[in-house]
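start36.tsv (TSV, C-alpha atoms and all ligand atoms)
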```tsv
chain	number	residue	atom	x	y	z
Q	1	MET	CA	42.21	148.38	156.16
Q	2	ASP	CA	39.72	151.22	155.63
Q	3	ARG	CA	36.88	148.96	156.80
Q	4	ALA	CA	38.86	148.05	159.93
Q	5	LYS	CA	39.34	151.73	160.68
Q	6	ALA	CA	35.64	152.38	160.11
Q	7	ALA	CA	34.66	149.56	162.48
Q	8	PHE	CA	37.28	150.43	165.12
Q	9	PRO	CA	38.04	154.17	164.81
Q	10	GLN	CA	40.53	154.05	167.69
Q	11	ILE	CA	43.00	151.82	165.85
Q	12	HIS	CA	45.90	153.24	163.85
Q	13	THR	CA	46.64	151.73	160.47
Q	14	PHE	CA	49.61	151.85	158.11
Q	15	ARG	CA	49.47	150.53	154.56
Q	16	SER	CA	52.47	148.38	153.68
Q	17	ASP	CA	53.51	145.36	151.61
Q	18	VAL	CA	55.26	142.44	153.31
Q	19	SER	CA	56.60	141.21	149.99
Q	20	ASP	CA	58.62	144.42	149.60
Q	21	PRO	CA	61.71	144.70	151.87
Q	22	LYS	CA	61.86	148.49	151.40
Q	23	ALA	CA	58.23	148.84	152.50
Q	24	ILE	CA	59.00	146.78	155.64
Q	25	ALA	CA	61.94	149.04	156.52
Q	26	SER	CA	59.78	152.13	156.02
Q	27	LEU	CA	56.92	150.63	158.08
Q	28	TYR	CA	59.40	149.94	160.89
Q	29	GLU	CA	60.54	153.59	160.90
Q	30	GLN	CA	56.97	154.90	161.03
Q	31	VAL	CA	55.68	152.48	163.66
Q	32	THR	CA	58.60	152.75	166.07
Q	33	GLU	CA	58.61	156.53	165.78
Q	34	GLN	CA	54.88	156.92	166.40
Q	35	PHE	CA	54.44	153.98	168.80
Q	36	PRO	CA	57.75	153.33	170.55
Q	37	GLU	CA	56.03	151.15	173.18
Q	38	PHE	CA	54.53	148.68	170.75
Q	39	SER	CA	55.51	145.14	171.72
Q	40	ILE	CA	53.51	142.56	169.74
Q	41	LEU	CA	54.15	141.66	166.11
Q	42	ILE	CA	51.37	139.58	164.52
Q	43	ASN	CA	52.36	138.21	161.13
Q	44	ASN	CA	48.87	137.82	159.69
Q	45	ALA	CA	49.20	139.01	156.07
Q	46	GLY	CA	48.52	136.26	153.59
Q	47	ILE	CA	46.98	135.32	150.28
Q	48	MET	CA	45.62	132.00	149.07
Q	49	ARG	CA	45.03	131.29	145.40
Q	50	GLU	CA	43.51	128.49	143.43
Q	51	ILE	CA	46.26	127.25	141.09
Q	52	ASN	CA	45.96	124.53	138.50
Q	53	VAL	CA	49.41	123.19	137.59
Q	54	HIS	CA	48.07	122.24	134.13
Q	55	ASP	CA	47.27	125.89	133.38
Q	56	LYS	CA	49.69	127.32	130.80
Q	57	ALA	CA	48.80	130.94	131.64
Q	58	GLY	CA	50.66	132.90	134.32
Q	59	SER	CA	54.31	133.79	134.71
Q	60	LEU	CA	57.26	132.28	136.53
Q	61	GLU	CA	57.42	135.46	138.66
Q	62	ASP	CA	53.77	135.30	139.68
Q	63	ILE	CA	53.62	131.58	140.54
Q	64	THR	CA	55.58	132.11	143.80
Q	65	ARG	CA	53.67	135.18	145.03
Q	66	GLU	CA	52.25	133.29	148.01
Q	67	ILE	CA	55.76	132.39	149.07
Q	68	GLU	CA	56.85	136.05	148.97
Q	69	ILE	CA	53.88	137.17	151.07
Q	70	ASN	CA	53.06	134.23	153.35
Q	71	LEU	CA	56.56	132.92	153.99
Q	72	SER	CA	59.25	135.50	153.14
Q	73	GLY	CA	57.00	138.25	154.58
Q	74	PRO	CA	56.96	137.00	158.20
Q	75	ILE	CA	60.63	136.04	158.10
Q	76	ARG	CA	61.56	139.55	156.96
Q	77	MET	CA	59.19	141.19	159.46
Q	78	VAL	CA	60.82	139.29	162.33
Q	79	LYS	CA	64.27	140.27	161.07
Q	80	GLN	CA	63.24	143.93	160.91
Q	81	PHE	CA	61.30	144.22	164.18
Q	82	LEU	CA	63.17	141.88	166.52
Q	83	THR	CA	65.74	144.37	167.80
Q	84	HIS	CA	62.92	146.69	168.86
Q	85	LEU	CA	60.87	143.89	170.49
Q	86	LYS	CA	63.89	142.76	172.50
Q	87	THR	CA	64.06	146.16	174.22
Q	88	LYS	CA	60.63	145.58	175.83
Q	89	SER	CA	60.04	143.99	179.24
Q	90	GLN	CA	57.35	141.79	177.65
Q	91	ALA	CA	56.94	141.16	173.93
Q	92	ALA	CA	55.52	138.62	171.52
Q	93	ILE	CA	55.63	137.47	167.92
Q	94	VAL	CA	52.53	135.69	166.60
Q	95	ASN	CA	53.02	133.83	163.33
Q	96	VAL	CA	49.70	132.97	161.69
Q	97	SER	CA	50.09	129.76	159.72
Q	98	SER	CA	47.24	127.44	158.73
Q	99	GLY	CA	45.58	124.14	159.42
Q	100	LEU	CA	46.49	123.40	155.80
Q	101	ALA	CA	50.04	122.80	157.04
Q	102	PHE	CA	48.63	119.53	158.38
Q	103	VAL	CA	45.88	118.73	155.86
Q	104	PRO	CA	46.80	120.06	152.39
Q	105	LEU	CA	44.20	121.38	149.94
Q	106	PRO	CA	45.02	120.24	146.37
Q	107	ILE	CA	43.48	123.28	144.62
Q	108	SER	CA	45.96	125.60	146.41
Q	109	PRO	CA	49.30	123.84	145.96
Q	110	VAL	CA	51.59	126.85	146.48
Q	111	TYR	CA	49.68	128.15	149.52
Q	112	CYS	CA	49.92	124.70	151.11
Q	113	ALA	CA	53.69	124.90	150.85
Q	114	THR	CA	53.82	128.16	152.81
Q	115	PRO	CA	52.41	127.49	156.29
Q	116	SER	CA	54.49	124.47	157.13
Q	117	PRO	CA	57.83	126.27	156.91
Q	118	VAL	CA	56.32	129.04	159.04
Q	119	CYS	CA	55.35	126.39	161.60
Q	120	ILE	CA	58.91	125.18	161.53
Q	121	HIS	CA	60.17	128.75	161.74
Q	122	SER	CA	57.86	129.48	164.64
Q	123	PRO	CA	58.02	126.71	167.23
Q	124	SER	CA	61.51	125.49	166.74
Q	125	PRO	CA	64.37	127.70	165.49
Q	126	LEU	CA	62.85	131.08	166.37
Q	127	ARG	CA	61.56	130.05	169.80
Q	128	VAL	CA	64.80	128.26	170.64
Q	129	GLN	CA	66.88	131.23	169.58
Q	130	LEU	CA	64.72	133.63	171.60
Q	131	LYS	CA	64.47	131.48	174.72
Q	132	ASN	CA	66.72	133.78	176.75
Q	133	THR	CA	64.84	136.92	175.75
Q	134	LYS	CA	61.49	138.41	176.84
Q	135	VAL	CA	60.01	137.79	173.38
Q	136	LYS	CA	57.45	134.98	173.31
Q	137	VAL	CA	56.79	133.21	170.01
Q	138	PHE	CA	53.28	131.96	169.24
Q	139	GLU	CA	52.08	129.99	166.27
Q	140	LEU	CA	48.40	130.31	165.38
Q	141	ALA	CA	47.12	127.73	162.87
Q	142	PRO	CA	43.46	128.58	162.11
Q	143	PRO	CA	41.14	126.13	160.39
Q	144	ALA	CA	38.96	127.34	157.49
Q	145	THR	CA	37.62	130.64	158.84
Q	146	GLN	CA	34.90	132.89	157.43
Q	147	THR	CA	37.02	135.73	155.97
Q	148	GLU	CA	37.58	137.20	152.52
Q	149	LEU	CA	40.35	134.66	151.96
Q	150	LEU	CA	37.73	132.02	151.27
Q	151	GLY	CA	35.76	134.33	148.98
Q	152	ALA	CA	37.75	133.30	145.90
Q	153	PHE	CA	36.72	129.68	146.30
Q	154	ASN	CA	33.36	128.45	145.11
Q	155	SER	CA	31.02	126.42	147.28
Q	156	GLU	CA	31.88	123.23	145.39
Q	157	ASP	CA	35.57	123.67	146.34
Q	158	ARG	CA	34.57	124.13	149.99
Q	159	LYS	CA	32.10	121.26	150.07
Q	160	GLY	CA	32.26	119.31	153.32
Q	161	VAL	CA	34.58	121.83	154.97
Q	162	SER	CA	33.27	123.31	158.19
Q	163	VAL	CA	34.10	126.98	158.46
Q	164	MET	CA	34.76	128.71	161.79
Q	165	LYS	CA	33.38	132.16	162.58
Q	166	VAL	CA	36.08	134.84	162.88
Q	167	GLU	CA	34.99	135.84	166.39
Q	168	ASP	CA	35.21	132.21	167.62
Q	169	MET	CA	38.67	131.78	166.09
Q	170	VAL	CA	39.90	135.07	167.56
Q	171	ARG	CA	38.52	134.17	171.00
Q	172	VAL	CA	40.54	130.94	171.04
Q	173	ALA	CA	43.61	132.77	169.71
Q	174	VAL	CA	43.50	135.50	172.36
Q	175	LYS	CA	42.91	133.00	175.16
Q	176	GLY	CA	45.88	130.97	173.90
Q	177	MET	CA	48.12	134.01	174.01
Q	178	GLN	CA	46.87	135.02	177.47
Q	179	THR	CA	47.65	131.55	178.82
Q	180	ASP	CA	51.01	131.12	177.05
Q	181	ARG	CA	49.83	128.31	174.80
Q	182	PHE	CA	52.52	128.72	172.19
Q	183	GLU	CA	50.95	126.49	169.54
Q	184	ILE	CA	47.33	127.55	169.14
Q	185	ARG	CA	45.13	125.37	166.95
Q	186	PRO	CA	41.54	126.70	167.05
Q	187	GLY	CA	38.96	124.17	165.99
A	1	LIG	N1	40.49	132.34	156.38
A	1	LIG	C1	40.98	131.11	156.52
A	1	LIG	O1	40.28	130.10	156.28
A	1	LIG	C2	42.39	130.91	157.00
A	1	LIG	C3	42.75	129.64	157.46
A	1	LIG	C4	44.04	129.44	157.90
A	1	LIG	C5	44.95	130.48	157.88
A	1	LIG	N2	44.59	131.70	157.42
A	1	LIG	C6	45.62	132.75	157.43
A	1	LIG	O2	45.15	133.84	158.18
A	1	LIG	C7	45.80	135.04	157.73
A	1	LIG	C8	44.75	136.12	157.57
A	1	LIG	O3	43.91	135.76	156.46
A	1	LIG	P1	42.36	136.10	156.42
A	1	LIG	O4	41.64	134.83	156.47
A	1	LIG	O5	42.03	137.17	157.41
A	1	LIG	O6	42.27	136.62	154.93
A	1	LIG	P2	41.87	138.04	154.34
A	1	LIG	O7	40.57	138.49	154.90
A	1	LIG	O8	42.00	137.88	152.86
A	1	LIG	O9	43.02	138.99	154.90
A	1	LIG	C9	44.33	138.88	154.43
A	1	LIG	C10	45.07	140.12	154.88
A	1	LIG	O10	46.41	140.05	154.38
A	1	LIG	C11	46.71	141.31	153.84
A	1	LIG	N3	47.73	141.20	152.80
A	1	LIG	C12	47.68	140.46	151.65
A	1	LIG	N4	48.81	140.63	150.95
A	1	LIG	C13	49.59	141.50	151.65
A	1	LIG	C14	50.86	142.06	151.45
A	1	LIG	N5	51.61	141.78	150.36
A	1	LIG	N6	51.36	142.90	152.40
A	1	LIG	C15	50.63	143.20	153.49
A	1	LIG	N7	49.41	142.70	153.74
A	1	LIG	C16	48.90	141.86	152.82
A	1	LIG	C17	45.40	141.84	153.27
A	1	LIG	O11	45.47	143.23	153.14
A	1	LIG	P3	44.54	143.99	152.08
A	1	LIG	O12	43.15	143.78	152.53
A	1	LIG	O13	44.99	145.40	152.16
A	1	LIG	O14	44.82	143.34	150.76
A	1	LIG	C18	44.43	141.40	154.36
A	1	LIG	O15	44.41	142.35	155.41
A	1	LIG	C19	46.52	134.67	156.44
A	1	LIG	O16	47.90	134.53	156.72
A	1	LIG	C20	45.92	133.33	156.05
A	1	LIG	O17	46.81	132.52	155.32
A	1	LIG	C21	43.33	131.95	156.99
```
Target format structure tokens, applied to this file:
Amino acid sequence: MDRAKAAFPQIHTFRSDVSDPKAIASLYEQVTEQFPEFSILINNAGIMREINVHDKAGSLEDITREIEINLSGPIRMVKQFLTHLKTKSQAAIVNVSSGLAFVPLPISPVYCATPSPVCIHSPSPLRVQLKNTKVKVFELAPPATQTELLGAFNSEDRKGVSVMKVEDMVRVAVKGMQTDRFEIRPG
């Protein structure tokens, strides 16, 4: 967040935690008070961990952390922000899922379970339920992209995987949104 602010000083940032319902409610209060005209919610927060099911370490609470952040997070964010978005003449929700919804990666078994329900949440029920509103629903499913998310994985784990540059992925994503391509699959 601090690096984003350093690179783009004109952006405003708020620190929050999508796995904490109270933090989402507080974020909503701050954002709508300071930026009442905001009209696009991009659910981009996510983590991806290498998990070995044979590993005896780790707790029952921690094993589902990806579900809390990657899946429950966007569902709660939509619940919290939808009433506000519906007041706008044009608005959009962008749910960032993953190409791994289609081609699972065995070393990240919990992560792989999270994007597919978001895909289901995004194109079907949510879009159908919002069809008579001004809120568009996009699903963005990036392929492996050169961000910090991949930093935790060693080169052996990523062998044979082609990795997209962030700027190329974002270019495709923005064009998709500008042209109302509701299911955007860069790469
Ligand atoms: N990179 C890929 O290959 C790839 C491929 C397909 C899909 N995706 C998806 O793209 C999205 C963005 O990931 P990325 O590649 O840009 O990874 P990244 O560089 O690791 O960024 C992840 C972002 O999520 C935020 N975040 C993590 N936990 C959070 C929480 N509990 N509450 C709020 N924010 C939280 C992080 O904030 P902090 O920096 O403050 O921790 C960070 O800004 C994710 O949903 C990921 O699953 C990535």
Can you tell me which residues come within 8 Å of ligand LIG 1 (chain A) when counting only C-alpha atoms and all ligand atoms, ideally as a short mmCIF file (atom, residue, chain, number, x, y, z; two decimals) with C-alpha atoms, in the frame of the given file?
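For reference, out13.cif as written:
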```cif
data_model
loop_
_atom_site.label_atom_id
_atom_site.label_comp_id
_atom_site.auth_asym_id
_atom_site.auth_seq_id
_atom_site.Cartn_x
_atom_site.Cartn_y
_atom_site.Cartn_z
CA MET Q 1 42.21 148.38 156.16
CA ARG Q 15 49.47 150.53 154.56
CA SER Q 16 52.47 148.38 153.68
CA ASP Q 17 53.51 145.36 151.61
CA VAL Q 18 55.26 142.44 153.31
CA SER Q 19 56.60 141.21 149.99
CA ASP Q 20 58.62 144.42 149.60
CA ASN Q 43 52.36 138.21 161.13
CA ASN Q 44 48.87 137.82 159.69
CA ALA Q 45 49.20 139.01 156.07
CA GLY Q 46 48.52 136.26 153.59
CA ILE Q 47 46.98 135.32 150.28
CA MET Q 48 45.62 132.00 149.07
CA GLU Q 68 56.85 136.05 148.97
CA ILE Q 69 53.88 137.17 151.07
CA ASN Q 70 53.06 134.23 153.35
CA GLY Q 73 57.00 138.25 154.58
CA VAL Q 96 49.70 132.97 161.69
CA SER Q 97 50.09 129.76 159.72
CA SER Q 98 47.24 127.44 158.73
CA GLY Q 99 45.58 124.14 159.42
CA LEU Q 100 46.49 123.40 155.80
CA TYR Q 111 49.68 128.15 149.52
CA PRO Q 115 52.41 127.49 156.29
CA ALA Q 141 47.12 127.73 162.87
CA PRO Q 142 43.46 128.58 162.11
CA PRO Q 143 41.14 126.13 160.39
CA ALA Q 144 38.96 127.34 157.49
CA THR Q 145 37.62 130.64 158.84
CA GLN Q 146 34.90 132.89 157.43
CA THR Q 147 37.02 135.73 155.97
CA GLU Q 148 37.58 137.20 152.52
CA LEU Q 149 40.35 134.66 151.96
CA LEU Q 150 37.73 132.02 151.27
CA VAL Q 163 34.10 126.98 158.46
CA MET Q 164 34.76 128.71 161.79
#
```
Shortest interatomic distance to Ile40 in chain Q - which of Q:Ala23, Q:Val135, Q:Leu105, Q:Val53, counting all atoms listed in the file
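Going through Q:Ala23, Q:Val135, Q:Leu105, Q:Val53 one by one, the smallest distance to Ile40 in chain Q is for Q:Val135.
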In Å to one decimal, how far is CA of Asn95 in chain Q from CA of Arg181 in chain Q?
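Pair CA of Arg181 in chain Q / CA of Asn95 in chain Q returns 13.1 Å.
Taking CA of Lys5 in chain Q as the reference point, CA of Ala152 in chain Q is found at 23.7 Å.
We find CA of His84 in chain Q and CA of Met177 in chain Q to be spaced 20.2 Å apart.
Distance check against Arg76 in chain Q using all atoms listed in the file: of Q:Arg49, Q:Lys88, Q:His54, Q:Lys22, the minimum falls on Q:Lys22.
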For each of Q:Glu66, Q:Asp168, Q:Glu50, Q:Asp2, take the minimum atom-to-atom distance to Ala113 in chain Q, counting all atoms listed in the file, then give the residue where this is smallest.
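Answer, going by the shortest atom-to-atom distance: Q:Glu66.
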Since fewer atoms than expected are present, regenerate all heavy atoms for range 34-45 of chain Q and write them as a short mmCIF file (atom, residue, chain, number, x, y, z; two decimals), keeping the file's coordinate frame.
```
data_model
loop_
_atom_site.label_atom_id
_atom_site.label_comp_id
_atom_site.auth_asym_id
_atom_site.auth_seq_id
_atom_site.Cartn_x
_atom_site.Cartn_y
_atom_site.Cartn_z
N GLN Q 34 56.19 156.49 165.87
CA GLN Q 34 54.88 156.92 166.40
C GLN Q 34 54.44 156.12 167.62
O GLN Q 34 53.70 156.62 168.45
CB GLN Q 34 53.81 156.81 165.31
CG GLN Q 34 54.01 157.81 164.19
CD GLN Q 34 52.87 157.75 163.18
OE1 GLN Q 34 51.70 157.65 163.53
NE2 GLN Q 34 53.21 157.79 161.90
N PHE Q 35 54.88 154.84 167.70
CA PHE Q 35 54.44 153.98 168.80
C PHE Q 35 55.63 153.24 169.40
O PHE Q 35 55.75 152.02 169.27
CB PHE Q 35 53.37 152.98 168.32
CG PHE Q 35 52.16 153.66 167.75
CD1 PHE Q 35 52.00 153.82 166.38
CD2 PHE Q 35 51.19 154.19 168.59
CE1 PHE Q 35 50.90 154.46 165.85
CE2 PHE Q 35 50.08 154.85 168.07
CZ PHE Q 35 49.94 154.99 166.70
N PRO Q 36 56.52 153.97 170.07
CA PRO Q 36 57.75 153.33 170.55
C PRO Q 36 57.49 152.20 171.56
O PRO Q 36 58.35 151.34 171.74
CB PRO Q 36 58.54 154.48 171.19
CG PRO Q 36 57.56 155.60 171.34
CD PRO Q 36 56.48 155.40 170.34
N GLU Q 37 56.31 152.19 172.18
CA GLU Q 37 56.03 151.15 173.18
C GLU Q 37 55.42 149.90 172.59
O GLU Q 37 55.13 148.94 173.32
CB GLU Q 37 55.09 151.70 174.28
CG GLU Q 37 55.75 152.76 175.14
CD GLU Q 37 57.12 152.31 175.63
OE1 GLU Q 37 57.25 151.16 176.09
OE2 GLU Q 37 58.06 153.12 175.53
N PHE Q 38 55.21 149.86 171.30
CA PHE Q 38 54.53 148.68 170.75
C PHE Q 38 55.40 147.43 170.97
O PHE Q 38 56.62 147.47 170.92
CB PHE Q 38 54.15 148.90 169.28
CG PHE Q 38 54.96 148.11 168.30
CD1 PHE Q 38 54.56 146.85 167.93
CD2 PHE Q 38 56.13 148.64 167.80
CE1 PHE Q 38 55.33 146.11 167.05
CE2 PHE Q 38 56.90 147.92 166.92
CZ PHE Q 38 56.51 146.64 166.55
N SER Q 39 54.74 146.31 171.27
CA SER Q 39 55.51 145.14 171.72
C SER Q 39 54.98 143.80 171.19
O SER Q 39 55.45 142.75 171.63
CB SER Q 39 55.51 145.10 173.25
OG SER Q 39 54.19 145.02 173.72
N ILE Q 40 54.00 143.83 170.30
CA ILE Q 40 53.51 142.56 169.74
C ILE Q 40 53.48 142.67 168.21
O ILE Q 40 52.87 143.58 167.65
CB ILE Q 40 52.08 142.20 170.23
CG1 ILE Q 40 52.05 142.08 171.74
CG2 ILE Q 40 51.62 140.88 169.60
CD1 ILE Q 40 50.68 141.67 172.30
N LEU Q 41 54.17 141.74 167.58
CA LEU Q 41 54.15 141.66 166.11
C LEU Q 41 53.31 140.45 165.72
O LEU Q 41 53.62 139.32 166.10
CB LEU Q 41 55.59 141.47 165.60
CG LEU Q 41 55.73 141.11 164.11
CD1 LEU Q 41 55.21 142.23 163.21
CD2 LEU Q 41 57.18 140.79 163.78
N ILE Q 42 52.20 140.69 165.01
CA ILE Q 42 51.37 139.58 164.52
C ILE Q 42 51.54 139.49 163.01
O ILE Q 42 51.15 140.40 162.27
CB ILE Q 42 49.88 139.79 164.88
CG1 ILE Q 42 49.72 139.95 166.39
CG2 ILE Q 42 49.04 138.61 164.38
CD1 ILE Q 42 48.28 140.14 166.86
N ASN Q 43 52.16 138.43 162.57
CA ASN Q 43 52.36 138.21 161.13
C ASN Q 43 51.13 137.52 160.58
O ASN Q 43 51.01 136.30 160.61
CB ASN Q 43 53.60 137.35 160.90
CG ASN Q 43 54.86 138.17 161.01
OD1 ASN Q 43 54.97 139.24 160.43
ND2 ASN Q 43 55.82 137.68 161.78
N ASN Q 44 50.18 138.34 160.10
CA ASN Q 44 48.87 137.82 159.69
C ASN Q 44 48.63 137.94 158.19
O ASN Q 44 47.75 137.28 157.64
CB ASN Q 44 47.79 138.60 160.46
CG ASN Q 44 46.39 138.18 160.11
OD1 ASN Q 44 46.01 137.04 160.34
ND2 ASN Q 44 45.63 139.09 159.52
N ALA Q 45 49.43 138.78 157.50
CA ALA Q 45 49.20 139.01 156.07
C ALA Q 45 49.33 137.71 155.30
O ALA Q 45 50.24 136.92 155.56
CB ALA Q 45 50.20 140.03 155.54
#
```
